[in-house]
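> So that we are looking at the same thing, I have put the structure below in structure tokens.
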Amino acid sequence: MQFLHGKSRKPLIHRDRNGFTLIELLVVVSIIALLVSILLPALMQAKEQARITVCASNLHTIGTSLWIYASDNEGNLPLNQNGAWLWDIAYYTTDVVIRAGGDPDTFYCPCDGHKSADQLIYWNFYQAYFNIGVPSNLTINTPSSACQEPDDPALRKSYYRVTGYFWLLDKQNPTSWEEQYRKINDPPNPPRDFLRKTTVRFPSAMEMVVDATLSIQPNPDSVFTEIPGGMLGVVQLYDRTNHLRDGKPTGGNITFVDGHVELRHFDDMIVRYPHAHYNWW
């Protein structure tokens, strides 16, 4: 149909070059948005599950390595000489794990994207804290490759790293004060000692290395992020729990003395070691 002067009438519904109307495009966009809203949580959950699986693999490697070491040393575990927090572990002990098939990334939970072996302030914490062979302009992004580690076995037993897991191993020569506070809550049983050997009763029920879950207060409603720690004295960096959802812990992996690994939900965790902050597993 034509108007006067022979001009064609414009269609009441405009279509773009692909033949879609505006209403049709809006419907397609709405459908896509709906699908994204449905699939995104599932995708995020799948990614989180993959990270939890890698974390469990890390702890399995660590547990196997400690078993190999103990079998070659009359059941004795490698013990720290220094370090105050549960994730402090000697260079020497990391050497044990790496020789048995691990690598630097084995010591960090992938669920905590703030901490890795590539960062000097974690992988070489002792040297960073005491300014031994590290750059003067140290930052959170300074790579661990910028640090010259000692070859002397005695120093490697003395120097320690900050890892992403709690190591429930005793110290080589704890002071009398340390012996008093280095006890693990184990209700309804009496507090137990940190591990020195793999030859213990009920090894399948005795935790050896666990995911880092820590809080400011000893209750489930506490803060599990932005926890003041040793890093504040170096680069003003806070500590946090490994496995979090909306700022609250979901649980953590545990490697037991017999070498097997289990995932324990946070509802089943309690404060096991209150020292500087509250440690859960």
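Residue numbering restarts at 1 for every chain of the structure tokens, chains are lettered A, B, ... in their displayed order, and ligands are numbered from 1 as they appear.
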Enumerate the residues of range 175-246 of chain A with a DSSP assignment of helix (DSSP H, G or I), computed from the backbone, and present them as a ChimeraX atom specification.

/A:176-181,203-205,230-233

> Keeping N, CA and C atoms for every residue in the selection just given, could you write it to a file as a PDB file, in the first residue's frame?


ATOM      1  N   SER A 176      59.936 -24.449  78.230  1.00  0.00           N
ATOM      2  CA  SER A 176      58.945 -24.855  79.227  1.00  0.00           C
ATOM      3  C   SER A 176      57.646 -24.072  79.044  1.00  0.00           C
ATOM      4  N   TRP A 177      57.763 -22.800  78.616  1.00  0.00           N
ATOM      5  CA  TRP A 177      56.571 -21.995  78.376  1.00  0.00           C
ATOM      6  C   TRP A 177      55.801 -22.536  77.177  1.00  0.00           C
ATOM      7  N   GLU A 178      56.518 -22.931  76.121  1.00  0.00           N
ATOM      8  CA  GLU A 178      55.866 -23.487  74.943  1.00  0.00           C
ATOM      9  C   GLU A 178      55.198 -24.813  75.247  1.00  0.00           C
ATOM     10  N   GLU A 179      55.813 -25.620  76.103  1.00  0.00           N
ATOM     11  CA  GLU A 179      55.215 -26.900  76.462  1.00  0.00           C
ATOM     12  C   GLU A 179      53.874 -26.713  77.160  1.00  0.00           C
ATOM     13  N   GLN A 180      53.743 -25.589  77.883  1.00  0.00           N
ATOM     14  CA  GLN A 180      52.495 -25.328  78.583  1.00  0.00           C
ATOM     15  C   GLN A 180      51.374 -24.941  77.628  1.00  0.00           C
ATOM     16  N   TYR A 181      51.691 -24.136  76.615  1.00  0.00           N
ATOM     17  CA  TYR A 181      50.616 -23.670  75.749  1.00  0.00           C
ATOM     18  C   TYR A 181      50.435 -24.530  74.501  1.00  0.00           C
ATOM     19  N   PRO A 203      45.767 -43.890  64.621  1.00  0.00           N
ATOM     20  CA  PRO A 203      46.293 -42.941  63.624  1.00  0.00           C
ATOM     21  C   PRO A 203      45.251 -42.467  62.618  1.00  0.00           C
ATOM     22  N   SER A 204      44.202 -43.249  62.407  1.00  0.00           N
ATOM     23  CA  SER A 204      43.170 -42.841  61.454  1.00  0.00           C
ATOM     24  C   SER A 204      42.269 -41.742  62.009  1.00  0.00           C
ATOM     25  N   ALA A 205      42.380 -41.463  63.307  1.00  0.00           N
ATOM     26  CA  ALA A 205      41.555 -40.423  63.935  1.00  0.00           C
ATOM     27  C   ALA A 205      42.391 -39.248  64.439  1.00  0.00           C
ATOM     28  N   GLY A 230      51.412 -11.883  61.682  1.00  0.00           N
ATOM     29  CA  GLY A 230      52.813 -11.530  61.508  1.00  0.00           C
ATOM     30  C   GLY A 230      53.082 -10.676  60.289  1.00  0.00           C
ATOM     31  N   MET A 231      52.241 -10.814  59.245  1.00  0.00           N
ATOM     32  CA  MET A 231      52.469 -10.063  58.018  1.00  0.00           C
ATOM     33  C   MET A 231      52.271  -8.562  58.206  1.00  0.00           C
ATOM     34  N   LEU A 232      51.524  -8.173  59.246  1.00  0.00           N
ATOM     35  CA  LEU A 232      51.308  -6.748  59.466  1.00  0.00           C
ATOM     36  C   LEU A 232      52.620  -6.027  59.753  1.00  0.00           C
ATOM     37  N   GLY A 233      53.578  -6.757  60.300  1.00  0.00           N
ATOM     38  CA  GLY A 233      54.877  -6.149  60.585  1.00  0.00           C
ATOM     39  C   GLY A 233      55.769  -6.045  59.368  1.00  0.00           C
TER      40      GLY A 233
END

> What are the closest atom pairs, with distances in Å to one decimal, for all residues of range 39-158 of chain A lying within 12 Å of range 248-262 of chain A? Consider only C-alpha atoms, order rows by chain and residue number, and present the result as a Markdown table.


| residue | atom | partner | partner_atom | distance |
| --- | --- | --- | --- | --- |
| A:Glu48 | CA | A:Thr250 | CA | 11.0 |
| A:Gln49 | CA | A:Thr250 | CA | 11.7 |
| A:Arg51 | CA | A:Asn253 | CA | 11.2 |
| A:Ile52 | CA | A:Asn253 | CA | 7.8 |
| A:Thr53 | CA | A:Asn253 | CA | 9.1 |
| A:Val54 | CA | A:Asn253 | CA | 10.3 |
| A:Cys55 | CA | A:Asn253 | CA | 7.2 |
| A:Ala56 | CA | A:Asn253 | CA | 5.9 |
| A:Ser57 | CA | A:Val261 | CA | 8.5 |
| A:Asn58 | CA | A:Thr255 | CA | 9.5 |
| A:Leu59 | CA | A:Thr255 | CA | 5.8 |
| A:His60 | CA | A:Val261 | CA | 6.2 |
| A:Thr61 | CA | A:Gly259 | CA | 8.9 |
| A:Ile62 | CA | A:Thr255 | CA | 8.2 |
| A:Gly63 | CA | A:Gly259 | CA | 5.2 |
| A:Thr64 | CA | A:Gly259 | CA | 6.0 |
| A:Ser65 | CA | A:Gly259 | CA | 9.3 |
| A:Leu66 | CA | A:Gly259 | CA | 8.7 |
| A:Trp67 | CA | A:Gly259 | CA | 7.3 |
| A:Ile68 | CA | A:Gly259 | CA | 10.4 |
| A:Ala70 | CA | A:Val257 | CA | 10.8 |
| A:Gly75 | CA | A:Val257 | CA | 11.2 |
| A:Leu77 | CA | A:Val257 | CA | 10.6 |
| A:Cys109 | CA | A:Asn253 | CA | 9.7 |
| A:Cys111 | CA | A:Gly252 | CA | 10.2 |
| A:Asp112 | CA | A:Pro249 | CA | 11.7 |

> My list of candidates is A:Gly83, A:Pro143, A:Gly164, A:Gly133. Which is closest to Val209 in chain A when distances are computed with only C-alpha atoms?

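Of all the options, A:Gly164 lies closest to Val209 in chain A.
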
> Report the residues of range 78-255 of chain A whose backbone DSSP state falls under strand (DSSP E), written as a ChimeraX atom specification.

/A:88-90,160-162,165-167,183-186,189-193,207-211,214-215,244-245,248-249,251-255

> Write out as a list in words each polymer residue whose atoms come within 7 Å of Leu168 in chain A, counting only C-alpha atoms; drop sequence neighbours fewer than 5 positions from it.

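In the requested format, the answer is Leu86, Phe194, Leu195, Met208 and Val209 of chain A.
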
> Please identify all polymer residues within 12 Å of Leu237 in chain A, counting only C-alpha atoms, omitting same-chain residues fewer than 3 positions from it, and present them as a ChimeraX atom specification.

/A:114-115,121-122,139-141,225-234,240

> Emit the selected residues as a PDB file, in the first residue's frame, including N, CA and C atoms.


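That gives us selection-v4.pdb:
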ATOM      1  N   HIS A 114      44.991 -15.276  48.064  1.00  0.00           N
ATOM      2  CA  HIS A 114      45.867 -14.206  48.530  1.00  0.00           C
ATOM      3  C   HIS A 114      47.283 -14.686  48.847  1.00  0.00           C
ATOM      4  N   LYS A 115      47.476 -15.983  48.888  1.00  0.00           N
ATOM      5  CA  LYS A 115      48.743 -16.523  49.388  1.00  0.00           C
ATOM      6  C   LYS A 115      49.272 -17.569  48.415  1.00  0.00           C
ATOM      7  N   ILE A 121      57.200 -12.973  50.661  1.00  0.00           N
ATOM      8  CA  ILE A 121      56.810 -12.748  52.050  1.00  0.00           C
ATOM      9  C   ILE A 121      56.188 -13.981  52.695  1.00  0.00           C
ATOM     10  N   TYR A 122      55.732 -14.923  51.889  1.00  0.00           N
ATOM     11  CA  TYR A 122      55.214 -16.180  52.428  1.00  0.00           C
ATOM     12  C   TYR A 122      56.253 -17.297  52.327  1.00  0.00           C
ATOM     13  N   THR A 139      57.669  -5.876  48.886  1.00  0.00           N
ATOM     14  CA  THR A 139      56.225  -5.671  48.797  1.00  0.00           C
ATOM     15  C   THR A 139      55.540  -7.026  48.715  1.00  0.00           C
ATOM     16  N   ILE A 140      54.214  -7.014  48.706  1.00  0.00           N
ATOM     17  CA  ILE A 140      53.461  -8.255  48.602  1.00  0.00           C
ATOM     18  C   ILE A 140      53.722  -8.953  47.277  1.00  0.00           C
ATOM     19  N   ASN A 141      54.114  -8.193  46.251  1.00  0.00           N
ATOM     20  CA  ASN A 141      54.321  -8.759  44.918  1.00  0.00           C
ATOM     21  C   ASN A 141      55.779  -9.134  44.643  1.00  0.00           C
ATOM     22  N   THR A 225      38.056 -13.331  58.413  1.00  0.00           N
ATOM     23  CA  THR A 225      38.906 -12.628  57.445  1.00  0.00           C
ATOM     24  C   THR A 225      39.526 -11.418  58.138  1.00  0.00           C
ATOM     25  N   GLU A 226      40.538 -10.824  57.491  1.00  0.00           N
ATOM     26  CA  GLU A 226      41.203  -9.628  58.020  1.00  0.00           C
ATOM     27  C   GLU A 226      41.642  -9.829  59.465  1.00  0.00           C
ATOM     28  N   ILE A 227      42.382 -10.914  59.678  1.00  0.00           N
ATOM     29  CA  ILE A 227      42.865 -11.251  61.016  1.00  0.00           C
ATOM     30  C   ILE A 227      44.300 -10.767  61.158  1.00  0.00           C
ATOM     31  N   PRO A 228      44.582  -9.915  62.139  1.00  0.00           N
ATOM     32  CA  PRO A 228      45.944  -9.395  62.307  1.00  0.00           C
ATOM     33  C   PRO A 228      46.930 -10.526  62.565  1.00  0.00           C
ATOM     34  N   GLY A 229      48.094 -10.434  61.929  1.00  0.00           N
ATOM     35  CA  GLY A 229      49.099 -11.472  62.112  1.00  0.00           C
ATOM     36  C   GLY A 229      50.499 -10.957  61.875  1.00  0.00           C
ATOM     37  N   GLY A 230      51.412 -11.883  61.682  1.00  0.00           N
ATOM     38  CA  GLY A 230      52.813 -11.530  61.508  1.00  0.00           C
ATOM     39  C   GLY A 230      53.082 -10.676  60.289  1.00  0.00           C
ATOM     40  N   MET A 231      52.241 -10.814  59.245  1.00  0.00           N
ATOM     41  CA  MET A 231      52.469 -10.063  58.018  1.00  0.00           C
ATOM     42  C   MET A 231      52.271  -8.562  58.206  1.00  0.00           C
ATOM     43  N   LEU A 232      51.524  -8.173  59.246  1.00  0.00           N
ATOM     44  CA  LEU A 232      51.308  -6.748  59.466  1.00  0.00           C
ATOM     45  C   LEU A 232      52.620  -6.027  59.753  1.00  0.00           C
ATOM     46  N   GLY A 233      53.578  -6.757  60.300  1.00  0.00           N
ATOM     47  CA  GLY A 233      54.877  -6.149  60.585  1.00  0.00           C
ATOM     48  C   GLY A 233      55.769  -6.045  59.368  1.00  0.00           C
ATOM     49  N   VAL A 234      55.344  -6.651  58.245  1.00  0.00           N
ATOM     50  CA  VAL A 234      56.169  -6.651  57.041  1.00  0.00           C
ATOM     51  C   VAL A 234      55.531  -5.802  55.942  1.00  0.00           C
ATOM     52  N   ARG A 240      43.627 -14.821  56.654  1.00  0.00           N
ATOM     53  CA  ARG A 240      42.237 -15.220  56.445  1.00  0.00           C
ATOM     54  C   ARG A 240      42.119 -16.741  56.430  1.00  0.00           C
TER      55      ARG A 240
END

> Mind giving me the straight-line distance from CA of Arg196 in chain A to CA of Lys171 in chain A in Å, one decimal?

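According to the coordinates, CA of Arg196 in chain A and CA of Lys171 in chain A are separated by 8.2 Å.
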
> Go ahead and compute the interatomic distance for CA of Pro174 in chain A and CA of Val96 in chain A, in Å to one decimal.

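Going from CA of Pro174 in chain A over to CA of Val96 in chain A covers 21.6 Å.
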